[in-house]
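Asks: Before I ask anything, here is the structure I am working with.
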Amino acid sequence: MAPELIDVPADELRGFTQQRIELAIDTDAAAATTADDPEAQAWQYTQVAHLLMEMGRLSEATLEFQRALYTYPDYALAAIGLAKLKMAAGSYDEAIDAFRVLFEKKPTPDVAMHLGDLHAYETALLALL
């Protein structure tokens, strides 16, 4: 028997995401994140940034990704998040540059996929001109 689908209003879902953000910020991963573990702190900031992105709060997400990179400069997940924000903002040249730098440091399938998508988009735009 198939599970019953529940109709949840969008406002309620946004409220749930807001609660997740507040919980992540308030707890600050207290037990797992210490001043002695900058990578864990960067992970926490990056998680908050992703939640903010889900809510469309892009400027706040940018600040959290930057906070993560300030705490742990080589944290790839935060750098990828910033590159995705550039892509979402329509700053395709900046996004391509950011993903290219990431790919040169550590070529991962995720980074290669985004870089390929951006190049395909750029090629399609040029074909329209």
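Going by the structure tokens order, chains are called A, B, ..., each with residues numbered from 1, while ligands are numbered from 1 in the order shown.
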Once you count only C-alpha atoms, what closest atom pair and distance in Å to one decimal does each residue of segment 32-62 of chain A within 7 Å of segment 68-73 of chain A have, with rows by chain and rising residue number, as JSON lines?

Replies:
```
{"residue": "A:Pro38", "atom": "CA", "partner": "A:Tyr72", "partner_atom": "CA", "distance": 5.7}
{"residue": "A:Glu39", "atom": "CA", "partner": "A:Tyr72", "partner_atom": "CA", "distance": 5.8}
{"residue": "A:Ala42", "atom": "CA", "partner": "A:Ala68", "partner_atom": "CA", "distance": 4.1}
{"residue": "A:Tyr45", "atom": "CA", "partner": "A:Ala68", "partner_atom": "CA", "distance": 5.4}
{"residue": "A:Thr46", "atom": "CA", "partner": "A:Ala68", "partner_atom": "CA", "distance": 6.2}
```

Asks: Would you kindly return, as a ChimeraX atom specification, each protein, DNA or RNA residue with an atom no farther than 10 Å from any atom of Lys105 of chain A, considering only C-alpha atoms and excluding same-chain residues fewer than 5 positions away?

Replies: /A:74,76,99-100

Asks: What is the atom CA of Trp43 of chain A to atom CA of Asp93 of chain A distance in Å?

Replies: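 Atom CA of Asp93 of chain A lies 26.7 Å from atom CA of Trp43 of chain A.
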
Asks: Any idea what's packed within 9 Å of Thr62 of chain A, counting only C-alpha atoms, ignoring anything in its chain fewer than 2 positions away? Could you give it as a PyMOL selection string?

Replies: chain A and resi 49+53+57-60+64-67+81-82+85

Asks: Any idea what the distance is between atom CA of Leu77 of chain A and atom CA of Glu122 of chain A?

Replies: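 Distance reported for this atom pair: 24.1 Å.
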
Asks: Considering only C-alpha atoms, state which residue in the set A:Ala83, A:Ala127, A:Tyr75, A:Glu54 is at the smallest distance from Lys106 of chain A.

Replies: A:Tyr75
